file data_32.tsv (TSV, C-alpha atoms)
chain	number	residue	atom	x	y	z
A	1089	MET	CA	222.46	182.38	-67.65
A	1090	ASN	CA	218.75	183.16	-67.43
A	1091	GLU	CA	217.70	180.83	-70.23
A	1092	ILE	CA	217.05	177.12	-70.14
A	1093	ARG	CA	219.31	175.21	-72.52
A	1094	PRO	CA	217.88	172.64	-74.91
A	1095	TYR	CA	219.65	169.79	-73.14
A	1096	GLU	CA	218.07	170.97	-69.89
A	1097	GLN	CA	214.65	170.74	-71.48
A	1098	LEU	CA	215.56	167.21	-72.50
A	1099	ILE	CA	216.63	166.42	-68.96
A	1100	ALA	CA	213.33	167.79	-67.64
A	1101	ALA	CA	211.38	165.65	-70.07
A	1102	LYS	CA	213.38	162.56	-69.15
A	1103	LEU	CA	212.86	163.16	-65.43
A	1104	GLU	CA	209.12	163.08	-65.99
A	1105	GLN	CA	209.56	159.45	-66.93
A	1106	VAL	CA	211.30	158.48	-63.70
A	1107	ALA	CA	209.51	155.54	-62.14
A	1108	VAL	CA	208.39	156.29	-58.61
A	1109	PRO	CA	209.07	153.63	-55.96
A	1110	ASP	CA	206.08	151.87	-54.48
A	1111	MET	CA	206.31	153.16	-50.94
A	1112	SER	CA	202.80	154.50	-50.73
A	1113	ASP	CA	201.61	152.22	-47.90
A	1114	SER	CA	204.53	152.87	-45.59
A	1115	ILE	CA	204.40	156.60	-46.26
A	1116	TRP	CA	200.65	156.65	-45.60
A	1117	ALA	CA	201.16	154.86	-42.30
A	1118	GLY	CA	203.54	157.65	-41.28
A	1119	ILE	CA	201.14	160.33	-42.47
A	1120	GLU	CA	198.27	158.80	-40.49
A	1121	GLU	CA	200.41	158.66	-37.40
A	1122	GLN	CA	201.32	162.32	-37.72
A	1123	LEU	CA	197.73	163.32	-38.43
A	1124	ASP	CA	196.57	161.49	-35.31
A	1125	ALA	CA	199.12	163.34	-33.22
A	1126	PRO	CA	197.99	166.76	-32.03
A	1127	PRO	CA	199.18	169.67	-34.19
A	1128	GLY	CA	202.50	170.91	-32.91
A	1129	GLY	CA	203.10	167.54	-31.31
A	1130	ARG	CA	205.98	165.36	-32.22
A	1131	GLY	CA	204.89	162.88	-34.81
A	1132	ALA	CA	206.88	160.02	-36.26
A	1133	GLY	CA	209.94	161.32	-37.96
A	1134	ASP	CA	209.12	164.87	-37.09
A	1135	GLY	CA	212.30	166.73	-36.42
A	1136	GLY	CA	210.63	169.65	-34.68
A	1137	SER	CA	210.47	170.09	-30.97
A	1138	GLY	CA	207.35	168.60	-29.51
A	1139	PHE	CA	205.22	169.05	-26.47
A	1140	ARG	CA	206.34	165.77	-24.99
A	1141	VAL	CA	209.83	166.93	-24.33
A	1142	PRO	CA	208.81	169.52	-21.72
A	1143	GLY	CA	206.52	166.90	-20.17
A	1144	TRP	CA	209.40	164.50	-19.64
A	1145	TRP	CA	211.58	167.27	-18.32
A	1146	GLY	CA	208.83	168.19	-15.89
A	1147	ILE	CA	208.65	164.65	-14.56
A	1148	VAL	CA	212.40	164.50	-14.20
A	1149	ALA	CA	212.46	167.87	-12.43
A	1150	VAL	CA	209.74	166.79	-9.97
A	1151	ALA	CA	211.62	163.56	-9.26
A	1152	VAL	CA	214.81	165.48	-8.60
A	1153	VAL	CA	213.06	167.92	-6.27
A	1154	VAL	CA	211.37	165.11	-4.34
A	1155	GLY	CA	214.68	163.28	-4.08
A	1156	LEU	CA	216.43	166.37	-2.76
A	1157	LEU	CA	213.70	167.00	-0.20
A	1158	LEU	CA	213.82	163.42	1.03
A	1159	TRP	CA	217.58	163.59	1.29
A	1160	TYR	CA	217.49	166.94	3.08
A	1161	PHE	CA	214.92	165.97	5.69
A	1162	GLY	CA	216.41	162.53	6.15
A	1163	ARG	CA	219.76	164.14	6.80
A	1164	LYS	CA	218.24	166.66	9.16
A	1165	GLU	CA	216.66	163.92	11.25
A	1166	THR	CA	219.86	162.02	11.57
A	1167	VAL	CA	221.90	165.09	12.44
A	1168	ALA	CA	219.55	166.73	14.88
A	1169	PRO	CA	219.52	164.83	18.13
A	1170	PRO	CA	221.06	164.51	21.18
A	1171	PRO	CA	223.67	162.24	22.05
A	1172	PRO	CA	224.55	164.03	25.23
A	1173	ARG	CA	222.74	161.66	27.46
A	1174	ALA	CA	225.99	159.99	28.16
A	1175	LEU	CA	227.49	163.02	29.84
A	1176	PRO	CA	225.72	162.82	33.12
A	1177	THR	CA	226.26	159.14	33.09
A	1178	GLN	CA	229.95	159.63	33.08
A	1179	GLN	CA	229.88	161.68	36.17
A	1180	ALA	CA	227.45	159.57	38.04
A	1181	PRO	CA	229.31	156.66	39.39
A	1182	ALA	CA	226.42	155.63	41.52
A	1183	ARG	CA	222.86	155.75	40.23
A	1184	ASP	CA	219.66	154.24	41.19
A	1185	ARG	CA	216.70	153.21	39.08
A	1186	GLU	CA	214.82	156.47	39.51
A	1187	ASP	CA	217.35	158.18	37.31
A	1188	SER	CA	217.32	155.48	34.75
A	1189	VAL	CA	214.63	156.15	32.23
A	1190	GLY	CA	214.35	154.81	28.73
A	1191	PRO	CA	214.92	157.31	25.96
A	1192	ALA	CA	211.63	158.85	25.13
A	1193	GLU	CA	212.53	159.49	21.49
A	1194	SER	CA	213.43	156.03	20.55
A	1195	GLY	CA	211.01	154.25	22.81
A	1196	ARG	CA	213.66	151.70	23.59
A	1197	SER	CA	214.59	150.76	27.06
A	1198	VAL	CA	217.98	151.70	28.18
A	1199	GLY	CA	220.46	149.67	30.00
A	1200	PRO	CA	220.83	149.93	33.70
A	1201	GLY	CA	222.50	153.03	34.96
A	1202	ARG	CA	221.70	155.12	31.90
A	1203	VAL	CA	220.50	158.64	32.58
A	1204	GLU	CA	217.59	159.98	30.61
A	1205	THR	CA	218.27	163.16	28.73
A	1206	GLY	CA	214.84	163.84	27.22
A	1207	GLY	CA	212.03	164.75	29.60
A	1208	SER	CA	214.21	164.95	32.64
A	1209	ARG	CA	216.99	166.62	30.76
A	1210	ASN	CA	217.14	169.53	33.14
A	1211	LYS	CA	217.36	167.36	36.14
A	1212	PRO	CA	220.84	167.46	37.46
A	1213	ALA	CA	222.56	164.20	37.82
A	1214	ARG	CA	222.82	163.41	41.39
A	1215	GLY	CA	225.72	165.12	43.06
A	1216	ILE	CA	227.14	166.68	39.96
A	1217	PRO	CA	225.45	170.03	39.34
A	1218	ALA	CA	228.36	171.45	37.37
A	1219	VAL	CA	227.84	169.00	34.56
A	1220	GLN	CA	224.27	169.99	34.10
A	1221	THR	CA	225.11	173.36	32.56
A	1222	ASP	CA	227.28	171.80	29.96
A	1223	SER	CA	224.62	169.31	29.12
A	1224	LEU	CA	222.04	172.00	28.50
A	1225	LEU	CA	224.36	173.95	26.31
A	1226	PHE	CA	225.11	170.88	24.40
A	1227	HIS	CA	221.45	170.24	23.72
A	1228	ARG	CA	220.90	173.66	22.28
A	1229	VAL	CA	223.65	173.64	19.74
A	1230	PRO	CA	224.28	171.31	16.92
A	1231	VAL	CA	226.66	168.54	17.64
A	1232	ASP	CA	229.33	169.90	15.37
A	1233	SER	CA	229.27	173.34	16.87
A	1234	VAL	CA	229.92	172.55	20.46
A	1235	ARG	CA	231.82	175.37	22.05
A	1236	VAL	CA	235.52	175.10	21.81
A	1237	ASP	CA	235.88	175.53	25.50
A	1238	SER	CA	233.44	172.79	26.18
A	1239	PRO	CA	235.11	169.92	27.93
A	1240	VAL	CA	233.08	167.57	25.82
A	1241	ARG	CA	234.54	169.05	22.68
A	1242	GLN	CA	237.99	168.81	24.06
A	1243	ALA	CA	237.57	165.34	25.27
A	1244	ALA	CA	235.56	163.69	22.55
A	1245	PRO	CA	236.99	162.74	19.22
A	1246	PRO	CA	234.81	163.57	16.21
A	1247	VAL	CA	231.97	161.13	15.89
A	1248	LYS	CA	229.70	160.65	12.93
A	1249	VAL	CA	226.38	161.29	14.51
A	1250	ASP	CA	224.38	160.43	11.44
A	1251	SER	CA	225.76	156.96	11.37
A	1252	PRO	CA	222.84	154.55	11.58
A	1253	ALA	CA	225.04	152.06	13.32
A	1254	LEU	CA	225.75	154.52	16.09
A	1255	GLN	CA	222.09	155.30	16.60
A	1256	ARG	CA	221.16	151.67	16.59
A	1257	ASN	CA	223.81	150.79	19.05
A	1258	ARG	CA	223.46	153.75	21.32
A	1259	PRO	CA	221.30	152.12	24.01
A	1260	MET	CA	223.67	149.21	24.15
A	1261	LEU	CA	226.75	151.27	24.73
A	1262	PRO	CA	228.44	151.21	28.04
A	1263	ASP	CA	228.02	154.23	30.20
A	1264	VAL	CA	231.47	155.58	29.70
A	1265	ASP	CA	231.01	158.20	27.05
A	1266	LEU	CA	228.73	157.92	24.13
A	1267	TYR	CA	230.74	160.40	22.09
A	1268	SER	CA	233.92	158.63	22.50
A	1269	THR	CA	232.47	155.21	21.90
A	1270	PRO	CA	232.59	154.15	18.30
A	1271	VAL	CA	230.54	151.25	17.01
A	1272	VAL	CA	233.48	148.97	17.26
A	1273	PRO	CA	235.15	149.79	20.48
A	1274	SER	CA	238.75	150.66	20.03
A	1275	PRO	CA	240.55	151.69	23.14
A	1276	GLY	CA	243.28	153.41	21.23
A	1277	VAL	CA	240.88	156.01	19.86
A	1278	ARG	CA	239.67	157.22	23.20
A	1279	LYS	CA	241.29	160.36	24.44
A	1280	HIS	CA	238.97	161.23	27.23
A	1281	LYS	CA	240.19	163.89	29.42
A	1282	GLY	CA	236.88	164.06	31.16
A	1283	VAL	CA	234.44	166.77	32.02
A	1284	LYS	CA	235.02	169.45	34.52
A	1285	GLY	CA	235.44	168.00	37.92
A	1286	ILE	CA	235.78	164.47	36.69
A	1287	SER	CA	239.08	162.81	36.32
A	1288	ASP	CA	240.12	160.03	34.01
A	1289	ASP	CA	239.89	157.61	36.84
A	1290	ASP	CA	236.20	158.29	37.19
A	1291	TYR	CA	235.61	157.27	33.61
A	1292	LYS	CA	237.40	154.07	34.00
A	1293	LEU	CA	235.83	153.26	37.28
A	1294	SER	CA	232.36	154.02	35.96
A	1295	ALA	CA	232.62	151.60	33.13
A	1296	GLY	CA	234.26	149.01	35.19
A	1297	LYS	CA	231.77	149.19	38.01
A	1298	ASP	CA	228.77	148.87	35.75
A	1299	SER	CA	230.20	145.89	34.06
A	1300	ALA	CA	231.08	144.34	37.26
A	1301	ARG	CA	227.66	145.05	38.73
A	1302	LYS	CA	225.94	143.43	35.81
A	1303	ARG	CA	227.95	140.33	36.03
A	1304	ASN	CA	227.47	140.03	39.73
B	529	MET	CA	187.64	163.15	-62.47
B	530	GLU	CA	188.06	166.80	-61.60
B	531	GLN	CA	184.67	166.71	-59.88
B	532	ASP	CA	185.77	163.67	-57.92
B	533	LEU	CA	188.90	165.47	-56.80
B	534	THR	CA	186.83	168.49	-55.72
B	535	ASN	CA	184.53	166.25	-53.66
B	536	ILE	CA	187.44	164.45	-52.06
B	537	ILE	CA	189.04	167.78	-51.17
B	538	LEU	CA	185.77	168.91	-49.57
B	539	ASP	CA	185.68	165.72	-47.49
B	540	CYS	CA	189.30	166.21	-46.54
B	541	ARG	CA	188.44	169.66	-45.23
B	542	GLU	CA	186.10	167.95	-42.78
B	543	GLY	CA	188.94	165.75	-41.63
B	544	ASN	CA	187.53	162.61	-43.21
B	545	ARG	CA	190.36	160.07	-42.95
B	546	LYS	CA	189.13	157.91	-45.82
B	547	ALA	CA	188.97	160.93	-48.11
B	548	GLN	CA	192.48	161.89	-47.04
B	549	GLU	CA	193.78	158.47	-47.93
B	550	GLN	CA	191.95	158.58	-51.24
B	551	LEU	CA	193.45	161.95	-52.09
B	552	TYR	CA	196.90	160.77	-51.05
B	553	ARG	CA	196.75	157.68	-53.23
B	554	GLN	CA	195.44	159.67	-56.16
B	555	LEU	CA	198.29	162.19	-55.95
B	556	TYR	CA	201.07	159.88	-54.76
B	557	GLY	CA	202.78	159.40	-58.16
B	558	PHE	CA	202.62	163.07	-59.04
B	559	ALA	CA	204.01	164.24	-55.70
B	560	MET	CA	206.60	161.47	-55.40
B	561	ALA	CA	208.07	162.36	-58.81
B	562	ILE	CA	208.65	165.92	-57.58
B	563	ALA	CA	210.18	164.81	-54.29
B	564	MET	CA	212.47	162.37	-56.12
B	565	ARG	CA	214.02	165.19	-58.13
B	566	TYR	CA	215.15	167.08	-55.01
B	567	ALA	CA	216.01	164.14	-52.79
B	568	VAL	CA	219.28	162.25	-52.86
B	569	ASP	CA	217.53	158.90	-52.58
B	570	GLU	CA	214.07	157.42	-52.37
B	571	HIS	CA	214.08	157.27	-48.59
B	572	GLU	CA	214.61	160.98	-48.35
B	573	ALA	CA	211.95	161.42	-51.00
B	574	ALA	CA	209.53	159.37	-48.88
B	575	ASP	CA	210.36	161.49	-45.85
B	576	ILE	CA	209.76	164.68	-47.79
B	577	LEU	CA	206.51	163.34	-49.19
B	578	GLY	CA	205.16	162.30	-45.81
B	579	HIS	CA	205.81	165.71	-44.30
B	580	ALA	CA	204.42	167.46	-47.37
B	581	PHE	CA	201.14	165.53	-47.23
B	582	VAL	CA	200.73	166.15	-43.51
B	583	LYS	CA	201.20	169.88	-44.12
B	584	MET	CA	198.81	169.73	-47.03
B	585	PHE	CA	196.07	168.01	-45.00
B	586	ARG	CA	196.52	170.40	-42.10
B	587	SER	CA	196.24	173.45	-44.32
B	588	ILE	CA	193.77	172.15	-46.87
B	589	ARG	CA	191.14	174.63	-45.68
B	590	SER	CA	193.37	177.42	-46.96
B	591	PHE	CA	193.38	176.03	-50.49
B	592	ASP	CA	191.59	178.49	-52.77
B	593	ALA	CA	190.56	176.91	-56.08
B	594	SER	CA	190.10	180.35	-57.63
B	595	LYS	CA	193.84	181.06	-57.31
B	596	GLY	CA	195.11	177.92	-59.01
B	597	ASN	CA	194.59	174.21	-59.38
B	598	PHE	CA	195.16	171.70	-56.63
B	599	HIS	CA	198.12	170.04	-58.34
B	600	GLY	CA	200.01	173.33	-58.54
B	601	TRP	CA	199.27	173.99	-54.85
B	602	LEU	CA	200.50	170.54	-53.84
B	603	LYS	CA	203.60	170.90	-56.04
B	604	ARG	CA	204.54	174.10	-54.20
B	605	ILE	CA	204.10	172.36	-50.86
B	606	VAL	CA	206.32	169.43	-51.93
B	607	ILE	CA	209.02	171.74	-53.32
B	608	ASN	CA	208.96	173.89	-50.18
B	609	GLU	CA	209.29	170.79	-48.03
B	610	SER	CA	212.17	169.58	-50.22
B	611	LEU	CA	213.98	172.90	-49.89
B	612	ASP	CA	213.44	172.86	-46.11
B	613	HIS	CA	215.17	169.47	-46.02
B	614	ILE	CA	218.05	170.79	-48.10
B	615	LYS	CA	218.44	173.91	-45.97
B	616	GLN	CA	218.52	171.79	-42.81
B	617	ARG	CA	221.18	169.50	-44.21
B	618	SER	CA	223.52	171.81	-46.09
B	619	GLN	CA	225.05	175.20	-45.62
B	620	LEU	CA	224.24	177.61	-48.41
B	621	THR	CA	227.30	179.77	-48.99
B	622	SER	CA	227.35	182.96	-51.04
B	623	PHE	CA	229.27	182.98	-54.30
B	624	ALA	CA	229.93	185.60	-56.96
B	625	PRO	CA	228.31	184.75	-60.29
B	626	ASP	CA	230.61	182.98	-62.71
B	627	THR	CA	231.30	184.90	-65.92
B	628	ALA	CA	233.17	182.13	-67.63
B	629	GLU	CA	231.89	180.79	-70.93
B	630	GLU	CA	229.09	178.27	-70.40
B	631	PRO	CA	229.79	174.67	-71.28
B	632	ARG	CA	228.07	173.00	-74.21
B	633	ILE	CA	226.41	169.63	-73.82
B	634	ASP	CA	225.50	167.40	-76.73
B	635	ASN	CA	221.74	166.70	-76.79
B	636	SER	CA	222.24	163.34	-78.39
B	637	ILE	CA	223.98	162.00	-75.33
B	638	ILE	CA	221.07	163.03	-73.12
B	639	GLU	CA	218.63	161.40	-75.53
B	640	GLN	CA	220.44	158.13	-75.27
B	641	MET	CA	220.37	158.11	-71.48
B	642	ASP	CA	217.45	156.70	-69.55
B	643	ALA	CA	215.61	158.66	-66.87
B	644	ALA	CA	217.18	156.83	-63.95
B	645	ALA	CA	220.70	157.52	-65.23
B	646	ILE	CA	219.95	161.22	-65.64
B	647	LEU	CA	218.47	161.39	-62.16
B	648	ALA	CA	221.55	159.66	-60.77
B	649	LEU	CA	223.74	162.17	-62.58
B	650	ILE	CA	221.88	165.13	-61.13
B	651	ARG	CA	222.03	163.63	-57.63
B	652	GLN	CA	225.81	163.68	-57.85
B	653	LEU	CA	225.78	167.47	-57.84
B	654	PRO	CA	226.51	169.26	-54.56
B	655	ARG	CA	223.34	169.69	-52.52
B	656	ALA	CA	222.67	173.39	-53.07
B	657	THR	CA	223.81	173.23	-56.69
B	658	HIS	CA	221.48	170.30	-57.24
B	659	ALA	CA	218.56	172.21	-55.77
B	660	VAL	CA	219.23	175.33	-57.82
B	661	PHE	CA	219.59	173.32	-61.03
B	662	VAL	CA	216.30	171.46	-60.51
B	663	LEU	CA	214.47	174.61	-59.47
B	664	PHE	CA	215.71	176.50	-62.50
B	665	ALA	CA	215.98	173.91	-65.28
B	666	ILE	CA	213.22	171.48	-64.34
B	667	ASP	CA	210.62	173.41	-62.35
B	668	GLY	CA	211.05	176.74	-64.14
B	669	TYR	CA	211.84	179.01	-61.21
B	670	THR	CA	213.66	182.27	-61.92
B	671	HIS	CA	216.87	183.22	-60.14
B	672	LYS	CA	214.94	185.78	-58.15
B	673	GLU	CA	212.45	183.16	-57.00
B	674	ILE	CA	215.24	180.72	-56.20
B	675	ALA	CA	217.07	183.38	-54.21
B	676	GLY	CA	213.90	183.98	-52.22
B	677	GLN	CA	213.26	180.28	-51.64
B	678	LEU	CA	216.77	179.45	-50.49
B	679	ASN	CA	217.59	182.76	-48.78
B	680	ILE	CA	220.55	183.38	-51.04
B	681	SER	CA	221.41	186.15	-53.48
B	682	GLU	CA	220.52	185.98	-57.16
B	683	GLY	CA	224.24	185.97	-57.90
B	684	THR	CA	224.71	182.90	-55.74
B	685	SER	CA	221.82	181.22	-57.53
B	686	LYS	CA	223.47	181.95	-60.88
B	687	TRP	CA	226.79	180.66	-59.60
B	688	HIS	CA	225.16	177.37	-58.57
B	689	LEU	CA	223.49	177.02	-61.98
B	690	SER	CA	226.78	177.66	-63.75
B	691	GLU	CA	228.50	175.16	-61.46
B	692	ALA	CA	225.81	172.56	-62.16
B	693	ARG	CA	226.22	172.97	-65.90
B	694	LYS	CA	230.00	172.62	-65.66
B	695	ILE	CA	229.82	169.49	-63.53
B	696	LEU	CA	227.14	167.94	-65.74
B	697	GLN	CA	229.19	168.63	-68.84
B	698	GLN	CA	232.22	166.93	-67.31
B	699	LYS	CA	230.21	163.92	-66.25
B	700	ILE	CA	228.33	163.59	-69.54
B	701	ASN	CA	231.54	163.96	-71.54
B	702	ALA	CA	233.07	161.30	-69.36
B	703	LEU	CA	230.14	159.01	-70.23
B	704	LYS	CA	230.69	159.70	-73.94
B	705	ILE	CA	234.30	158.54	-73.68

call {"tool": "encode", "arguments": {"input": "data_32.tsv", "output": "structure tokens"}}
result
Amino acid sequence: MNEIRPYEQLIAAKLEQVAVPDMSDSIWAGIEEQLDAPPGGRGAGDGGSGFRVPGWWGIVAVAVVVGLLLWYFGRKETVAPPPPRALPTQQAPARDREDSVGPAESGRSVGPGRVETGGSRNKPARGIPAVQTDSLLFHRVPVDSVRVDSPVRQAAPPVKVDSPALQRNRPMLPDVDLYSTPVVPSPGVRKHKGVKGISDDDYKLSAGKDSARKRN
Amino acid sequence: MEQDLTNIILDCREGNRKAQEQLYRQLYGFAMAIAMRYAVDEHEAADILGHAFVKMFRSIRSFDASKGNFHGWLKRIVINESLDHIKQRSQLTSFAPDTAEEPRIDNSIIEQMDAAAILALIRQLPRATHAVFVLFAIDGYTHKEIAGQLNISEGTSKWHLSEARKILQQKINALKI
């Protein structure tokens, strides 16, 4: 077992005569490429792990992090604010221009009869002090966590506040109830029971009066 | 010639690209013949050779002429690269050495065969068996050295040699018929 057989010596001698293929140029091109690459780097045909792989992973990781941050802050902006400006409006059947201020955040002008809820947020709507408390509470808590006992919560169906359509259309909405007013008005969806001290009739009258006033 | 080779090696140590190419072209036939014995085809041989030369150029400063000639050093690099390829591509299982009587092969049949046919015959052996046969019968490694190179036991190396001889006998006898 430890000796080389005569036929094996013959085989060895024959193998010395094997003609080598003429691949010298292509092999040299590969060698040059690998020699030009930094040691430890991934050259052509090199099966080892190279430094480029972590580099690509780093870029991908940074892109993912940036994407997540953009998504997070974008979401936060859309969720944050304050739709409650409609609340006082509902309870104020009669308003004059002094109470109607354009929304400071959006810089857009509001329609007639709309009550500002930004700078003059703490100002009670005329004649309806009870509503003011609810409005303040509403401003302090996220939209989705309005107190269960809040009349707004009870009255308003769930609204997607981060909907761009809703935000875009907000100033154009009638003064009835911003929460209960979807982008496409559908009377069947509304289940307004009103805010404390305000009956269903007030809602209806409010919307109707404004419309009527405009037309006249 | 030897002086030329020494000068080229010195230039290669400085990273001279032209000297590297010169050395490569001078040793291409020698190194390719070694790689061809271990590879299953010429493309794998080319792959082995490319990696072996890159390793050689990167470690050429460590070549010590007092310990051996340059051809022997390069041959070791090519064989090591070949065995690395084989280890990556095949699982080397342990076997108990075979005590069966060794097959006899008629020399005259081998003499009548050309080199390419013999190489093709050897390439038909299983990967590890092929490597052990070439290491032992062609390149003169001992079973102990083979065991060290392939991370197997000496017994496994002997088993592979015995297996190679059996398979070769069957194939050569088949050719005779």

call {"tool": "residues_near_point", "arguments": {"input": "data_32.tsv", "point": "(217.8, 160.4, -64.5)", "cutoff": "8 Å", "atoms": "all atoms listed in the file", "output": "list in words"}}
result
Ile1099, Lys1102, Leu1103 and Val1106 of chain A; Met641, Asp642, Ala643, Ala644, Ala645, Ile646, Leu647, Ala648, Leu649 and Ile650 of chain B

call {"tool": "write_last_selection", "arguments": {"input": "data_32.tsv", "atoms": "C-alpha atoms", "output": "PDB file, keeping the file's coordinate frame"}}
result
ATOM      1  CA  ILE A1099     216.630 166.420 -68.960  1.00  0.00           C
ATOM      2  CA  LYS A1102     213.380 162.560 -69.150  1.00  0.00           C
ATOM      3  CA  LEU A1103     212.860 163.160 -65.430  1.00  0.00           C
ATOM      4  CA  VAL A1106     211.300 158.480 -63.700  1.00  0.00           C
TER       5      VAL A1106
ATOM      6  CA  MET B 641     220.370 158.110 -71.480  1.00  0.00           C
ATOM      7  CA  ASP B 642     217.450 156.700 -69.550  1.00  0.00           C
ATOM      8  CA  ALA B 643     215.610 158.660 -66.870  1.00  0.00           C
ATOM      9  CA  ALA B 644     217.180 156.830 -63.950  1.00  0.00           C
ATOM     10  CA  ALA B 645     220.700 157.520 -65.230  1.00  0.00           C
ATOM     11  CA  ILE B 646     219.950 161.220 -65.640  1.00  0.00           C
ATOM     12  CA  LEU B 647     218.470 161.390 -62.160  1.00  0.00           C
ATOM     13  CA  ALA B 648     221.550 159.660 -60.770  1.00  0.00           C
ATOM     14  CA  LEU B 649     223.740 162.170 -62.580  1.00  0.00           C
ATOM     15  CA  ILE B 650     221.880 165.130 -61.130  1.00  0.00           C
TER      16      ILE B 650
END

call {"tool": "closest_residue", "arguments": {"input": "data_32.tsv", "among": "B:Lys686, B:Arg655, B:Arg632, B:His599", "to": "Leu555 (chain B)", "atoms": "all atoms listed in the file"}}
result
B:His599

call {"tool": "atom_distance", "arguments": {"input": "data_32.tsv", "atom1": "CA of Ser685 (chain B)", "atom2": "CA of Ser618 (chain B)"}}
result
14.9 Å

call {"tool": "interface_residues", "arguments": {"input": "data_32.tsv", "of": "chain B", "to": "chain A", "cutoff": "6 Å", "atoms": "all atoms listed in the file", "output": "list in words"}}
result
Gly578, Val582, Asn635, Ala643, Ala665 and Ile666 of chain B

call {"tool": "residues_around", "arguments": {"input": "data_32.tsv", "residues": "Val568 (chain B)", "least_positions_apart": "4", "cutoff": "9 Å", "atoms": "only C-alpha atoms", "output": "list of chain:residue names"}}
result
B:Met564, B:Glu572, B:Ala573, B:Ala648, B:Arg651, B:Gln652, B:Arg655

call {"tool": "atom_distance", "arguments": {"input": "data_32.tsv", "atom1": "CA of Ala580 (chain B)", "atom2": "CA of Trp1144 (chain A)"}}
result
28.3 Å

call {"tool": "closest_residue", "arguments": {"input": "data_32.tsv", "among": "B:Arg586, B:Arg545, B:Cys540, B:Asp569", "to": "Pro1126 (chain A)", "atoms": "only C-alpha atoms"}}
result
B:Arg586

call {"tool": "closest_residue", "arguments": {"input": "data_32.tsv", "among": "B:Glu542, B:Asp592, B:Glu609, B:Asp532", "to": "Asp575 (chain B)", "atoms": "only C-alpha atoms"}}
result
B:Glu609

call {"tool": "atom_distance", "arguments": {"input": "data_32.tsv", "atom1": "CA of Asn701 (chain B)", "atom2": "CA of Trp687 (chain B)"}}
result
21.1 Å

call {"tool": "residues_around", "arguments": {"input": "data_32.tsv", "residues": "region 668-678 of chain B", "least_positions_apart": "2", "cutoff": "9 Å", "atoms": "all atoms listed in the file", "output": "number ranges by chain"}}
result
A: 1090, 1092; B: 608, 611-612, 615, 620, 656, 660, 662-666, 680-686

call {"tool": "write_last_selection", "arguments": {"input": "data_32.tsv", "atoms": "C-alpha atoms", "output": "mmCIF file, in the frame of the given file"}}
result
data_model
loop_
_atom_site.group_PDB
_atom_site.id
_atom_site.type_symbol
_atom_site.label_atom_id
_atom_site.label_comp_id
_atom_site.auth_asym_id
_atom_site.auth_seq_id
_atom_site.Cartn_x
_atom_site.Cartn_y
_atom_site.Cartn_z
ATOM 1 C CA ASN A 1090 218.750 183.160 -67.430
ATOM 2 C CA ILE A 1092 217.050 177.120 -70.140
ATOM 3 C CA ASN B 608 208.960 173.890 -50.180
ATOM 4 C CA LEU B 611 213.980 172.900 -49.890
ATOM 5 C CA ASP B 612 213.440 172.860 -46.110
ATOM 6 C CA LYS B 615 218.440 173.910 -45.970
ATOM 7 C CA LEU B 620 224.240 177.610 -48.410
ATOM 8 C CA ALA B 656 222.670 173.390 -53.070
ATOM 9 C CA VAL B 660 219.230 175.330 -57.820
ATOM 10 C CA VAL B 662 216.300 171.460 -60.510
ATOM 11 C CA LEU B 663 214.470 174.610 -59.470
ATOM 12 C CA PHE B 664 215.710 176.500 -62.500
ATOM 13 C CA ALA B 665 215.980 173.910 -65.280
ATOM 14 C CA ILE B 666 213.220 171.480 -64.340
ATOM 15 C CA ILE B 680 220.550 183.380 -51.040
ATOM 16 C CA SER B 681 221.410 186.150 -53.480
ATOM 17 C CA GLU B 682 220.520 185.980 -57.160
ATOM 18 C CA GLY B 683 224.240 185.970 -57.900
ATOM 19 C CA THR B 684 224.710 182.900 -55.740
ATOM 20 C CA SER B 685 221.820 181.220 -57.530
ATOM 21 C CA LYS B 686 223.470 181.950 -60.880
#

call {"tool": "closest_residue", "arguments": {"input": "data_32.tsv", "among": "B:Ile637, B:Leu703, B:Ala563, B:Ala547", "to": "Phe585 (chain B)", "atoms": "all atoms listed in the file"}}
result
B:Ala547

call {"tool": "axis_aligned_box", "arguments": {"input": "data_32.tsv", "around": "region 1147-1155 of chain A", "padding_each_side": "5 Å", "output": "lines of an AutoDock Vina configuration file"}}
result
center_x = 211.7
center_y = 165.6
center_z = -9.3
size_x = 16.2
size_y = 14.6
size_z = 20.5
